[in-house]
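K.L.:
Structure file query-v5.cif, mmCIF, C-alpha atoms, is pasted below:
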```
data_protein
loop_
_atom_site.label_atom_id
_atom_site.label_comp_id
_atom_site.auth_asym_id
_atom_site.auth_seq_id
_atom_site.Cartn_x
_atom_site.Cartn_y
_atom_site.Cartn_z
CA MET Q 1 -46.18 -14.54 16.64
CA THR Q 2 -43.22 -16.39 15.16
CA ILE Q 3 -40.14 -14.23 14.55
CA PRO Q 4 -38.90 -14.76 10.96
CA SER Q 5 -35.45 -16.32 10.70
CA LEU Q 6 -32.59 -15.56 8.34
CA GLN Q 7 -33.46 -18.79 6.49
CA ASN Q 8 -37.06 -17.61 6.11
CA GLY Q 9 -35.78 -14.39 4.55
CA ILE Q 10 -33.49 -16.22 2.13
CA GLU Q 11 -36.28 -18.53 1.00
CA GLN Q 12 -38.75 -15.70 0.54
CA ALA Q 13 -36.26 -13.58 -1.43
CA GLY Q 14 -35.13 -16.52 -3.55
CA SER Q 15 -31.42 -16.39 -2.68
CA PRO Q 16 -29.06 -14.78 -0.17
CA ILE Q 17 -27.88 -12.18 -2.67
CA ARG Q 18 -31.45 -11.16 -3.52
CA LEU Q 19 -32.11 -10.71 0.17
CA LEU Q 20 -29.05 -8.54 0.78
CA TRP Q 21 -28.54 -6.55 -2.44
CA GLN Q 22 -29.71 -2.95 -1.97
CA PRO Q 23 -28.41 -0.43 -4.55
CA ASN Q 24 -27.54 2.97 -3.08
CA ALA Q 25 -27.76 1.65 0.47
CA GLU Q 26 -27.06 4.28 3.10
CA PRO Q 27 -23.76 3.60 4.89
CA TRP Q 28 -23.88 2.57 8.53
CA LEU Q 29 -23.14 5.27 11.08
CA PRO Q 30 -22.93 4.88 14.87
CA GLU Q 31 -26.20 5.64 16.60
CA VAL Q 32 -27.04 8.30 19.24
CA VAL Q 33 -23.79 10.26 18.74
CA ASP Q 34 -24.24 13.52 16.80
CA ARG Q 35 -23.21 13.38 13.15
CA GLU Q 36 -20.74 16.26 13.60
CA TYR Q 37 -19.50 18.46 16.41
CA ALA Q 38 -16.78 20.68 14.96
CA GLY Q 39 -17.24 19.39 11.39
CA TRP Q 40 -15.95 16.12 9.99
CA ARG Q 41 -12.83 17.69 8.49
CA GLN Q 42 -11.77 19.29 11.76
CA GLU Q 43 -12.58 16.12 13.65
CA GLN Q 44 -10.35 14.02 11.36
CA THR Q 45 -7.59 16.60 11.70
CA ALA Q 46 -7.85 16.41 15.50
CA TRP Q 47 -6.69 12.80 15.75
CA HIS Q 48 -3.98 13.39 13.17
CA GLN Q 49 -2.57 16.60 14.63
CA GLY Q 50 -4.08 17.23 18.07
CA VAL Q 51 -6.38 15.23 20.29
CA ALA Q 52 -9.87 13.83 19.82
CA LEU Q 53 -12.59 12.36 22.06
CA LEU Q 54 -14.74 9.59 20.60
CA ASN Q 55 -17.86 8.07 22.15
CA LEU Q 56 -18.15 4.32 21.47
CA SER Q 57 -20.77 3.71 24.13
CA HIS Q 58 -23.84 3.17 21.96
CA HIS Q 59 -23.02 1.13 18.86
CA MET Q 60 -21.25 -1.86 20.41
CA TYR Q 61 -23.10 -5.12 21.11
CA ASP Q 62 -21.65 -6.62 24.30
CA MET Q 63 -21.84 -10.26 25.31
CA TRP Q 64 -20.34 -11.61 28.53
CA ILE Q 65 -19.31 -15.27 28.39
CA GLU Q 66 -18.72 -16.89 31.75
CA GLY Q 67 -18.38 -20.41 33.08
CA PRO Q 68 -15.99 -23.38 33.32
CA ASP Q 69 -16.10 -23.90 29.53
CA ALA Q 70 -15.76 -20.23 28.52
CA THR Q 71 -12.22 -20.58 27.19
CA ARG Q 72 -12.95 -23.92 25.54
CA VAL Q 73 -15.98 -22.74 23.56
CA LEU Q 74 -14.15 -19.64 22.35
CA ALA Q 75 -11.06 -21.65 21.38
CA ASP Q 76 -13.13 -24.33 19.64
CA HIS Q 77 -14.75 -21.70 17.42
CA GLY Q 78 -12.00 -19.13 16.98
CA VAL Q 79 -8.56 -19.12 15.36
CA ASN Q 80 -6.82 -17.23 18.18
CA ASN Q 81 -4.12 -18.45 20.55
CA PHE Q 82 -5.70 -18.98 23.98
CA GLU Q 83 -2.54 -20.29 25.61
CA LYS Q 84 -1.25 -16.72 25.71
CA PHE Q 85 -4.24 -14.66 26.79
CA ALA Q 86 -3.76 -12.74 30.03
CA ILE Q 87 -6.52 -11.41 32.23
CA GLY Q 88 -6.88 -7.75 31.25
CA GLN Q 89 -5.77 -8.41 27.68
CA ALA Q 90 -7.93 -8.00 24.58
CA LYS Q 91 -7.69 -9.72 21.21
CA GLN Q 92 -9.35 -9.41 17.86
CA TYR Q 93 -11.43 -12.58 17.96
CA VAL Q 94 -11.71 -14.32 14.58
CA PRO Q 95 -14.28 -17.13 14.13
CA VAL Q 96 -14.49 -18.95 10.80
CA THR Q 97 -16.76 -21.53 9.21
CA ARG Q 98 -15.66 -25.08 8.47
CA HIS Q 99 -14.69 -23.87 4.98
CA GLY Q 100 -12.38 -21.20 6.40
CA HIS Q 101 -14.56 -18.17 5.64
CA ILE Q 102 -14.74 -15.47 8.29
CA VAL Q 103 -17.97 -15.05 10.24
CA THR Q 104 -16.86 -11.58 11.36
CA ASP Q 105 -14.37 -10.37 13.93
CA GLY Q 106 -14.97 -8.87 17.35
CA ILE Q 107 -13.02 -7.51 20.30
CA LEU Q 108 -12.61 -10.17 22.99
CA ALA Q 109 -11.46 -9.02 26.43
CA ARG Q 110 -10.51 -11.49 29.15
CA GLU Q 111 -12.01 -10.26 32.40
CA GLY Q 112 -11.26 -13.30 34.56
CA GLU Q 113 -10.06 -16.88 34.48
CA ASN Q 114 -13.41 -18.04 33.11
CA LYS Q 115 -14.99 -14.76 32.02
CA TYR Q 116 -14.77 -12.85 28.73
CA LEU Q 117 -16.46 -9.87 27.10
CA LEU Q 118 -17.02 -10.08 23.33
CA SER Q 119 -17.92 -6.74 21.74
CA GLY Q 120 -18.65 -5.36 18.29
CA ILE Q 121 -20.93 -6.32 15.42
CA PRO Q 122 -23.01 -9.19 16.86
CA ALA Q 123 -22.34 -11.84 14.22
CA ALA Q 124 -19.44 -13.35 16.20
CA GLN Q 125 -21.54 -13.30 19.37
CA HIS Q 126 -24.37 -15.16 17.63
CA TRP Q 127 -21.90 -17.75 16.35
CA VAL Q 128 -20.38 -18.45 19.77
CA GLN Q 129 -23.66 -18.58 21.65
CA TYR Q 130 -25.32 -20.90 19.12
CA HIS Q 131 -22.45 -23.39 19.19
CA ALA Q 132 -22.20 -23.21 22.96
CA GLU Q 133 -25.89 -24.04 23.35
CA LYS Q 134 -25.82 -26.72 20.67
CA GLY Q 135 -22.62 -28.29 22.02
CA GLY Q 136 -23.70 -28.36 25.65
CA TYR Q 137 -20.81 -26.25 26.95
CA ASP Q 138 -20.96 -25.30 30.62
CA VAL Q 139 -21.12 -21.58 30.07
CA GLY Q 140 -23.60 -18.74 30.48
CA PHE Q 141 -24.26 -15.55 28.55
CA ALA Q 142 -25.38 -12.02 29.37
CA THR Q 143 -25.92 -9.49 26.60
CA ASP Q 144 -26.32 -5.75 26.17
CA PRO Q 145 -27.37 -4.87 22.61
CA SER Q 146 -26.39 -1.63 20.95
CA SER Q 147 -28.55 1.39 21.72
CA ALA Q 148 -30.43 1.05 18.42
CA PHE Q 149 -31.66 -2.41 19.40
CA ARG Q 150 -31.77 -2.39 23.20
CA PRO Q 151 -35.26 -3.58 24.23
CA GLY Q 152 -37.19 -0.75 25.86
CA GLY Q 153 -34.42 1.74 25.18
CA GLY Q 154 -32.44 2.76 28.20
CA ASP Q 155 -28.77 3.28 28.80
CA PRO Q 156 -25.86 0.96 28.00
CA LYS Q 157 -24.25 -1.02 30.79
CA LEU Q 158 -20.84 0.39 29.92
CA PHE Q 159 -19.42 3.63 28.60
CA ARG Q 160 -16.50 3.63 26.19
CA TYR Q 161 -14.55 6.80 25.46
CA GLN Q 162 -11.47 6.95 23.27
CA ILE Q 163 -8.80 9.62 23.59
CA GLN Q 164 -6.74 9.69 20.40
CA GLY Q 165 -4.08 11.76 18.69
CA PRO Q 166 -0.54 13.09 19.24
CA LEU Q 167 -1.67 14.96 22.38
CA ALA Q 168 -3.61 12.00 23.83
CA THR Q 169 -0.97 11.16 26.43
CA GLU Q 170 -0.82 14.77 27.62
CA LEU Q 171 -4.59 14.95 27.99
CA VAL Q 172 -4.75 11.67 29.90
CA GLU Q 173 -2.04 12.84 32.30
CA ARG Q 174 -3.93 16.08 32.88
CA ALA Q 175 -7.17 14.22 33.59
CA PHE Q 176 -5.62 11.63 35.92
CA GLY Q 177 -3.04 13.89 37.54
CA GLY Q 178 -0.09 11.93 36.17
CA PRO Q 179 0.87 9.10 33.81
CA LEU Q 180 -1.11 5.89 33.72
CA PRO Q 181 0.56 2.52 34.36
CA GLU Q 182 2.69 1.43 31.41
CA THR Q 183 0.45 -0.82 29.35
CA LYS Q 184 1.13 -2.90 26.26
CA PHE Q 185 -0.96 -2.45 23.13
CA PHE Q 186 -4.40 -4.08 23.51
CA HIS Q 187 -3.83 -4.70 27.21
CA SER Q 188 -5.67 -2.80 29.93
CA SER Q 189 -4.96 -1.48 33.38
CA ALA Q 190 -7.36 -0.81 36.24
CA VAL Q 191 -7.38 2.93 37.03
CA THR Q 192 -9.55 5.36 38.96
CA LEU Q 193 -10.69 8.86 38.05
CA ASP Q 194 -11.64 10.78 41.18
CA GLY Q 195 -12.49 7.49 42.87
CA ARG Q 196 -14.47 6.09 39.94
CA PRO Q 197 -13.23 2.72 38.66
CA LEU Q 198 -12.32 2.41 34.96
CA ARG Q 199 -10.26 0.21 32.72
CA ALA Q 200 -7.73 1.90 30.45
CA LEU Q 201 -7.28 -0.15 27.27
CA ARG Q 202 -4.13 0.77 25.35
CA HIS Q 203 -5.53 1.34 21.92
CA GLY Q 204 -5.07 3.50 18.85
CA MET Q 205 -6.64 4.44 15.54
CA ALA Q 206 -5.20 5.54 12.22
CA GLY Q 207 -1.73 5.08 13.67
CA GLN Q 208 -2.19 7.49 16.57
CA ALA Q 209 -1.48 6.92 20.25
CA GLY Q 210 -4.41 6.64 22.59
CA PHE Q 211 -6.53 4.89 25.16
CA GLU Q 212 -10.04 3.52 25.37
CA PHE Q 213 -11.61 4.04 28.79
CA ILE Q 214 -14.34 1.60 29.82
CA GLY Q 215 -16.48 1.71 32.94
CA PRO Q 216 -19.98 1.48 34.46
CA TRP Q 217 -22.54 3.73 32.81
CA GLU Q 218 -23.34 5.44 36.11
CA HIS Q 219 -19.99 7.24 35.80
CA ALA Q 220 -20.31 8.08 32.09
CA ALA Q 221 -21.35 11.72 32.39
CA TYR Q 222 -18.73 12.54 35.02
CA VAL Q 223 -15.89 10.92 33.07
CA HIS Q 224 -16.95 12.58 29.82
CA GLU Q 225 -17.03 16.00 31.46
CA ALA Q 226 -13.64 15.39 33.10
CA PHE Q 227 -12.08 14.62 29.72
CA LEU Q 228 -13.65 17.70 28.12
CA LYS Q 229 -12.33 19.89 30.92
CA ALA Q 230 -8.81 18.40 30.82
CA GLY Q 231 -8.72 18.67 27.03
CA GLU Q 232 -9.92 22.23 26.68
CA PRO Q 233 -6.44 23.83 26.93
CA LEU Q 234 -5.19 21.32 24.33
CA GLY Q 235 -7.92 22.07 21.80
CA LEU Q 236 -9.75 18.77 22.33
CA VAL Q 237 -12.28 18.04 19.59
CA GLN Q 238 -15.25 15.70 19.99
CA VAL Q 239 -15.68 13.32 17.05
CA GLY Q 240 -19.12 12.77 15.55
CA ALA Q 241 -20.60 9.81 13.74
CA LEU Q 242 -19.41 10.85 10.27
CA ALA Q 243 -15.73 11.13 11.09
CA TYR Q 244 -15.86 8.17 13.48
CA ALA Q 245 -16.66 5.80 10.62
CA THR Q 246 -13.57 6.77 8.59
CA PRO Q 247 -10.28 5.90 10.37
CA SER Q 248 -10.60 2.20 9.51
CA VAL Q 249 -9.59 3.00 5.92
CA GLU Q 250 -6.27 4.31 7.23
CA SER Q 251 -5.68 1.70 9.93
CA GLY Q 252 -6.44 -1.21 7.61
CA TRP Q 253 -9.43 -2.74 9.42
CA ILE Q 254 -12.25 -3.88 7.14
CA PRO Q 255 -15.48 -3.53 9.13
CA SER Q 256 -18.01 -5.22 6.91
CA PRO Q 257 -16.99 -8.67 5.63
CA VAL Q 258 -19.90 -10.85 4.52
CA PRO Q 259 -20.33 -13.75 6.98
CA GLY Q 260 -19.67 -17.05 5.21
CA ILE Q 261 -22.86 -18.64 6.54
CA TYR Q 262 -25.49 -18.36 3.80
CA THR Q 263 -24.95 -21.48 1.69
CA ASP Q 264 -23.45 -24.35 3.70
CA PRO Q 265 -26.12 -27.07 4.19
CA ASP Q 266 -24.55 -27.87 7.56
CA LEU Q 267 -25.47 -24.35 8.72
CA LEU Q 268 -29.18 -24.64 7.86
CA GLU Q 269 -30.14 -24.89 11.53
CA TYR Q 270 -27.90 -21.94 12.32
CA ARG Q 271 -29.69 -19.82 9.73
CA ARG Q 272 -32.99 -20.88 11.27
CA TYR Q 273 -31.61 -19.83 14.67
CA LEU Q 274 -30.67 -16.34 13.50
CA PRO Q 275 -33.38 -13.66 13.32
CA LEU Q 276 -34.00 -12.13 9.93
CA PHE Q 277 -33.86 -8.63 11.41
CA GLY Q 278 -30.32 -9.06 12.66
CA ILE Q 279 -26.97 -8.08 11.24
CA GLU Q 280 -26.80 -11.20 9.04
CA GLY Q 281 -30.12 -10.45 7.34
CA LYS Q 282 -30.04 -6.67 7.17
CA ARG Q 283 -26.44 -5.58 6.46
CA PRO Q 284 -26.84 -4.55 2.80
CA LEU Q 285 -24.64 -5.22 -0.20
CA ASN Q 286 -24.32 -2.78 -3.08
CA GLY Q 287 -21.88 -1.39 -5.63
CA SER Q 288 -20.69 -2.14 -9.14
CA HIS Q 289 -19.36 -5.63 -8.32
CA TYR Q 290 -22.48 -7.79 -8.57
CA SER Q 291 -22.75 -11.57 -8.53
CA GLU Q 292 -25.76 -13.83 -8.04
CA ASP Q 293 -23.54 -16.12 -5.94
CA ILE Q 294 -23.14 -14.90 -2.36
CA GLU Q 295 -20.00 -17.03 -2.03
CA ASP Q 296 -18.24 -14.56 -4.32
CA TYR Q 297 -18.39 -12.13 -1.38
CA TYR Q 298 -17.01 -14.51 1.25
CA VAL Q 299 -13.52 -13.73 2.50
CA SER Q 300 -10.70 -15.59 4.18
CA PRO Q 301 -9.05 -14.20 7.33
CA TYR Q 302 -5.80 -14.33 5.37
CA GLU Q 303 -7.23 -11.83 2.88
CA LEU Q 304 -8.14 -9.49 5.73
CA GLY Q 305 -4.60 -9.56 7.10
CA TYR Q 306 -5.40 -11.84 10.04
CA GLY Q 307 -2.90 -14.56 9.19
CA LYS Q 308 -0.67 -13.78 12.19
CA MET Q 309 -3.64 -14.23 14.52
CA ILE Q 310 -4.25 -17.80 13.40
CA SER Q 311 -2.88 -20.32 15.86
CA PHE Q 312 -2.78 -23.95 14.83
CA ASN Q 313 -1.82 -25.08 18.34
CA HIS Q 314 -5.40 -26.18 18.97
CA ASP Q 315 -8.30 -27.70 17.09
CA PHE Q 316 -11.06 -25.35 15.97
CA VAL Q 317 -13.83 -25.14 13.41
CA GLY Q 318 -12.22 -24.33 10.04
CA ARG Q 319 -8.69 -25.38 11.02
CA ASP Q 320 -8.20 -27.80 8.12
CA ALA Q 321 -9.52 -25.31 5.59
CA LEU Q 322 -7.18 -22.58 6.84
CA LEU Q 323 -4.19 -24.93 6.76
CA LYS Q 324 -4.97 -25.62 3.11
CA ALA Q 325 -5.63 -21.95 2.28
CA LYS Q 326 -2.33 -20.87 3.83
CA ASP Q 327 -0.45 -21.79 0.66
CA GLU Q 328 -3.12 -20.80 -1.86
CA PRO Q 329 -2.90 -17.58 -3.94
CA LEU Q 330 -5.48 -15.40 -2.20
CA ARG Q 331 -6.36 -11.76 -2.67
CA THR Q 332 -4.36 -9.19 -0.71
CA LYS Q 333 -5.66 -6.24 1.29
CA VAL Q 334 -4.38 -2.90 -0.03
CA THR Q 335 -5.21 0.79 0.18
CA LEU Q 336 -6.27 2.53 -3.00
CA VAL Q 337 -5.63 6.26 -3.19
CA LEU Q 338 -8.27 7.64 -5.54
CA ASP Q 339 -7.26 10.34 -7.99
CA PRO Q 340 -8.55 13.65 -6.52
CA ASP Q 341 -9.55 15.06 -9.90
CA ASP Q 342 -11.53 11.93 -10.76
CA VAL Q 343 -13.18 11.99 -7.32
CA ARG Q 344 -14.33 15.55 -7.91
CA SER Q 345 -15.56 14.73 -11.40
CA VAL Q 346 -17.26 11.37 -10.72
CA ILE Q 347 -18.51 11.76 -7.15
CA GLY Q 348 -18.72 15.52 -6.81
CA GLY Q 349 -19.89 16.45 -10.28
CA GLY Q 350 -16.87 18.68 -10.76
CA GLU Q 351 -17.08 20.16 -7.26
CA ASP Q 352 -15.73 19.14 -3.88
CA PRO Q 353 -17.77 16.00 -3.12
CA GLY Q 354 -17.75 16.74 0.60
CA PHE Q 355 -18.03 13.79 2.94
CA VAL Q 356 -17.82 10.41 1.22
CA LEU Q 357 -18.42 7.11 3.02
CA SER Q 358 -19.30 3.86 1.30
CA TYR Q 359 -19.18 0.16 2.07
CA ALA Q 360 -20.05 -0.62 -1.55
CA ARG Q 361 -18.37 -3.51 -3.32
CA HIS Q 362 -17.04 -1.68 -6.37
CA ARG Q 363 -15.13 -3.57 -9.04
CA VAL Q 364 -11.41 -2.83 -9.29
CA GLU Q 365 -9.89 -3.19 -12.77
CA GLY Q 366 -6.41 -3.52 -14.16
CA ALA Q 367 -5.31 -3.20 -17.76
CA ALA Q 368 -6.71 -6.63 -18.65
CA GLY Q 369 -9.93 -6.62 -16.64
CA PRO Q 370 -11.21 -7.15 -13.08
CA VAL Q 371 -8.55 -7.63 -10.39
CA GLY Q 372 -10.43 -7.09 -7.15
CA VAL Q 373 -13.15 -5.42 -5.13
CA THR Q 374 -13.46 -2.47 -2.74
CA MET Q 375 -14.59 -3.02 0.86
CA GLN Q 376 -14.84 0.50 2.30
CA SER Q 377 -14.20 4.00 0.93
CA ALA Q 378 -14.02 7.27 2.85
CA SER Q 379 -12.90 10.87 2.55
CA ILE Q 380 -9.72 11.49 4.54
CA ASP Q 381 -9.33 15.26 4.57
CA PRO Q 382 -5.70 15.34 5.83
CA VAL Q 383 -4.78 13.11 2.86
CA GLY Q 384 -6.78 15.26 0.45
CA THR Q 385 -8.79 12.55 -1.26
CA VAL Q 386 -10.81 9.38 -0.84
CA LEU Q 387 -9.05 6.24 0.36
CA THR Q 388 -10.39 2.76 -0.27
CA GLN Q 389 -9.68 -0.56 1.40
CA ALA Q 390 -9.73 -3.23 -1.29
CA LEU Q 391 -8.93 -6.90 -1.85
CA ILE Q 392 -7.04 -7.43 -5.09
CA ASP Q 393 -5.14 -10.18 -6.88
CA PRO Q 394 -1.54 -10.62 -5.69
CA GLU Q 395 0.06 -9.62 -9.00
CA HIS Q 396 -1.42 -6.11 -8.71
CA THR Q 397 -0.41 -5.32 -5.12
CA ALA Q 398 2.95 -3.61 -5.70
CA THR Q 399 3.03 -0.09 -4.30
CA GLY Q 400 2.42 2.41 -7.07
CA THR Q 401 0.44 0.05 -9.32
CA GLU Q 402 -2.25 1.92 -11.22
CA VAL Q 403 -5.78 0.52 -11.28
CA THR Q 404 -9.29 1.91 -11.75
CA VAL Q 405 -12.37 1.69 -9.55
CA VAL Q 406 -15.70 1.24 -11.30
CA TRP Q 407 -17.95 3.62 -9.36
CA GLY Q 408 -21.59 2.73 -9.72
CA GLU Q 409 -24.63 0.85 -8.43
CA HIS Q 410 -25.58 -2.38 -10.15
CA PRO Q 411 -29.38 -2.74 -10.00
CA GLY Q 412 -29.16 -6.39 -8.98
CA ALA Q 413 -31.35 -9.30 -10.06
CA GLY Q 414 -32.63 -9.10 -13.62
CA THR Q 415 -29.54 -7.39 -15.03
CA ASP Q 416 -26.54 -9.33 -16.33
CA PRO Q 417 -23.70 -9.10 -13.78
CA GLU Q 418 -21.31 -8.55 -16.70
CA ALA Q 419 -23.44 -5.91 -18.44
CA ASP Q 420 -21.69 -2.68 -19.43
CA LEU Q 421 -23.80 -0.15 -17.54
CA GLY Q 422 -21.64 2.80 -18.43
CA PHE Q 423 -20.33 3.32 -14.93
CA PRO Q 424 -17.56 5.92 -14.65
CA ARG Q 425 -14.01 4.93 -13.71
CA ILE Q 426 -11.88 6.52 -11.03
CA ARG Q 427 -8.12 6.16 -11.36
CA ALA Q 428 -6.38 4.87 -8.25
CA THR Q 429 -2.89 4.03 -7.04
CA VAL Q 430 -2.11 1.00 -4.89
CA GLN Q 431 -0.55 1.69 -1.50
CA PRO Q 432 0.03 -0.61 1.48
CA SER Q 433 -2.60 -1.41 4.07
CA PRO Q 434 -2.56 0.01 6.70
CA PHE Q 435 -2.04 3.23 4.79
CA ASN Q 436 -0.68 5.06 7.81
CA GLU Q 437 3.02 4.23 8.18
CA HIS Q 438 2.95 4.26 11.98
CA ALA Q 439 -0.04 1.94 12.01
CA ARG Q 440 1.70 -0.31 9.51
CA THR Q 441 5.09 -0.55 11.25
CA LEU Q 442 4.86 0.36 14.95
CA TYR Q 443 1.16 0.14 15.85
CA ARG Q 444 1.41 -3.39 17.29
CA HIS Q 445 5.12 -3.39 18.07
CA ASN Q 446 4.67 -3.33 21.84
CA ARG Q 447 2.07 -6.08 22.16
#
```
Any chance you could give the structure as structure tokens?
P.N.:
Amino acid sequence: MTIPSLQNGIEQAGSPIRLLWQPNAEPWLPEVVDREYAGWRQEQTAWHQGVALLNLSHHMYDMWIEGPDATRVLADHGVNNFEKFAIGQAKQYVPVTRHGHIVTDGILAREGENKYLLSGIPAAQHWVQYHAEKGGYDVGFATDPSSAFRPGGGDPKLFRYQIQGPLATELVERAFGGPLPETKFFHSSAVTLDGRPLRALRHGMAGQAGFEFIGPWEHAAYVHEAFLKAGEPLGLVQVGALAYATPSVESGWIPSPVPGIYTDPDLLEYRRYLPLFGIEGKRPLNGSHYSEDIEDYYVSPYELGYGKMISFNHDFVGRDALLKAKDEPLRTKVTLVLDPDDVRSVIGGGEDPGFVLSYARHRVEGAAGPVGVTMQSASIDPVGTVLTQALIDPEHTATGTEVTVVWGEHPGAGTDPEADLGFPRIRATVQPSPFNEHARTLYRHNR
């Protein structure tokens, strides 16, 4: 039986947008992990005021890239600087199309001179592997899908546990019997916990200090229990799937950009290579901002705040387009703080709306009309309202600018994209992205 491709799905639906548009789509949540442990509000508070334990073991798609051409294939298809990439270091890998649109980002860790691990949403992995195979690069691949898609079920190859919050350092020292080696942000150190080998990646979320511990799955249960035991006197809180999906709106990372792959004739074979039932064919679009043209949802890495990651010291796919876009007036990533009263009225029906999480593309309006689009919205209980990551026109990005978010679900094909559907408006105030001051100013200071 032939597996349908992304291109098959587009042709059957009639267009990329008709394939992807799903009003009222349920937001993605990490699999396997319980939705809540202590309650999403307490779990958010833990990484702001105490210490939290997060389990990242099940929702990451891992791909190992190894061989003489490993660095070359990654550099040829990513914007990052590979001249300064130490073994043990990690980077946010950013591949783009020839037109300069992001495919999606991923976390790329260098494990050896010719060995890397690329983790995250598998669109970047698909992109690299396809071009490696097509281009005849001397490189091999090994993959471990996320737990929702692992053939035959079974356990992951790696565990990943994050310790986050103001008390993270104290918990880590209790668990390991002393301080870990001093490690720069997004670098890792080899450590052992009662003789079990791990890597400690210096990482953080929502502006808080912390580590991500990575190791063989055979040690997962022991390490997890050791962290729970060490954290008990500190009030350690385990974080469930609901709260886990929210810190990106504070730390300024946009997790769901639309890959810019659906329309370029040169990528026809790539779309035939991709399975329909993958991330590129099944990550839904919804919200009040509707267009029949999927290219209206493409984004530049500059818009996502990745400009500093772009290195023009090498040739790569999309280099010319990014050089040109560097001086163009592009949208800017901002945080929108939604008016609490409007949130209660529009989303909660006059009551506390409870947990809110949405990846909907809602239209953002200024006094004279549309000025941008939302990318992710979530309740942040310590802030007391819903925060939204949005891309808006440069002239509306000043801190304190007042805008409105059109909160609603366009039905899609068959209804005029410009139709007045009576959607309610939520007042919002523009703030910087990242919203958290520490994340914005010091988060990457010691890189």
K.L.:
On this file, the PyMOL selection byres ((chain Q and resi 63) around 7) gives some set of residues; write that set as an mmCIF file with C-alpha atoms, in the frame of the given file.
P.N.:
```
data_model
loop_
_atom_site.group_PDB
_atom_site.id
_atom_site.type_symbol
_atom_site.label_atom_id
_atom_site.label_comp_id
_atom_site.auth_asym_id
_atom_site.auth_seq_id
_atom_site.Cartn_x
_atom_site.Cartn_y
_atom_site.Cartn_z
ATOM 1 C CA TYR Q 61 -23.100 -5.120 21.110
ATOM 2 C CA ASP Q 62 -21.650 -6.620 24.300
ATOM 3 C CA TRP Q 64 -20.340 -11.610 28.530
ATOM 4 C CA ILE Q 65 -19.310 -15.270 28.390
ATOM 5 C CA LEU Q 117 -16.460 -9.870 27.100
ATOM 6 C CA LEU Q 118 -17.020 -10.080 23.330
ATOM 7 C CA SER Q 119 -17.920 -6.740 21.740
ATOM 8 C CA GLN Q 125 -21.540 -13.300 19.370
ATOM 9 C CA PHE Q 141 -24.260 -15.550 28.550
ATOM 10 C CA ALA Q 142 -25.380 -12.020 29.370
ATOM 11 C CA THR Q 143 -25.920 -9.490 26.600
ATOM 12 C CA ASP Q 144 -26.320 -5.750 26.170
#
```
K.L.:
What's the 9 Å shell around Q:Pro145, counting only C-alpha atoms, without same-chain residues fewer than 3 positions away, as a PyMOL selection string?
P.N.:
chain Q and resi 58-63+122+148-151+156
K.L.:
Atom CA of Q:Gln376 to atom CA of Q:His410: how many Å, to one decimal?
P.N.:
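Interatomic distance, atom CA of Q:Gln376 to atom CA of Q:His410: 16.7 Å.
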K.L.:
If we draw a sphere of 12 Å around (-9.3, 4.3, -1.7), which residues have at least one atom in it when counting all atoms listed in the file? Please report them as an NGL selection string.
P.N.:
:Q and (246 or 248-250 or 252 or 333-340 or 343 or 356-360 or 362 or 364 or 373-380 or 383-391 or 403-407 or 426-435)
K.L.:
Apply the PyMOL selection byres ((chain Q and resi 297-311) around 9) to the structure shown and report the selected residues as a PyMOL selection string.
P.N.:
chain Q and resi 78-82+92-94+96+100-102+252-254+257-261+291+293-296+312-314+322+325-326+330-333+361+391+433
K.L.:
Pull C-alpha atoms from the residues just selected and write them as a compact mmCIF listing (two decimals), in the frame of the given file.
P.N.:
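Result written to out_8.txt:
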```txt
# COMPACT_ATOMS: atom_id res chain seq x y z
CA GLY Q 78 -12.00 -19.13 16.98
CA VAL Q 79 -8.56 -19.12 15.36
CA ASN Q 80 -6.82 -17.23 18.18
CA ASN Q 81 -4.12 -18.45 20.55
CA PHE Q 82 -5.70 -18.98 23.98
CA GLN Q 92 -9.35 -9.41 17.86
CA TYR Q 93 -11.43 -12.58 17.96
CA VAL Q 94 -11.71 -14.32 14.58
CA VAL Q 96 -14.49 -18.95 10.80
CA GLY Q 100 -12.38 -21.20 6.40
CA HIS Q 101 -14.56 -18.17 5.64
CA ILE Q 102 -14.74 -15.47 8.29
CA GLY Q 252 -6.44 -1.21 7.61
CA TRP Q 253 -9.43 -2.74 9.42
CA ILE Q 254 -12.25 -3.88 7.14
CA PRO Q 257 -16.99 -8.67 5.63
CA VAL Q 258 -19.90 -10.85 4.52
CA PRO Q 259 -20.33 -13.75 6.98
CA GLY Q 260 -19.67 -17.05 5.21
CA ILE Q 261 -22.86 -18.64 6.54
CA SER Q 291 -22.75 -11.57 -8.53
CA ASP Q 293 -23.54 -16.12 -5.94
CA ILE Q 294 -23.14 -14.90 -2.36
CA GLU Q 295 -20.00 -17.03 -2.03
CA ASP Q 296 -18.24 -14.56 -4.32
CA PHE Q 312 -2.78 -23.95 14.83
CA ASN Q 313 -1.82 -25.08 18.34
CA HIS Q 314 -5.40 -26.18 18.97
CA LEU Q 322 -7.18 -22.58 6.84
CA ALA Q 325 -5.63 -21.95 2.28
CA LYS Q 326 -2.33 -20.87 3.83
CA LEU Q 330 -5.48 -15.40 -2.20
CA ARG Q 331 -6.36 -11.76 -2.67
CA THR Q 332 -4.36 -9.19 -0.71
CA LYS Q 333 -5.66 -6.24 1.29
CA ARG Q 361 -18.37 -3.51 -3.32
CA LEU Q 391 -8.93 -6.90 -1.85
CA SER Q 433 -2.60 -1.41 4.07
```
K.L.:
Using all atoms listed in the file, which residue out of Q:Ile87, Q:Ile347, Q:Leu193, Q:Ala123 lies closest to Q:Arg110?
P.N.:
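Among the listed residues, Q:Ile87 lies closest to Q:Arg110.
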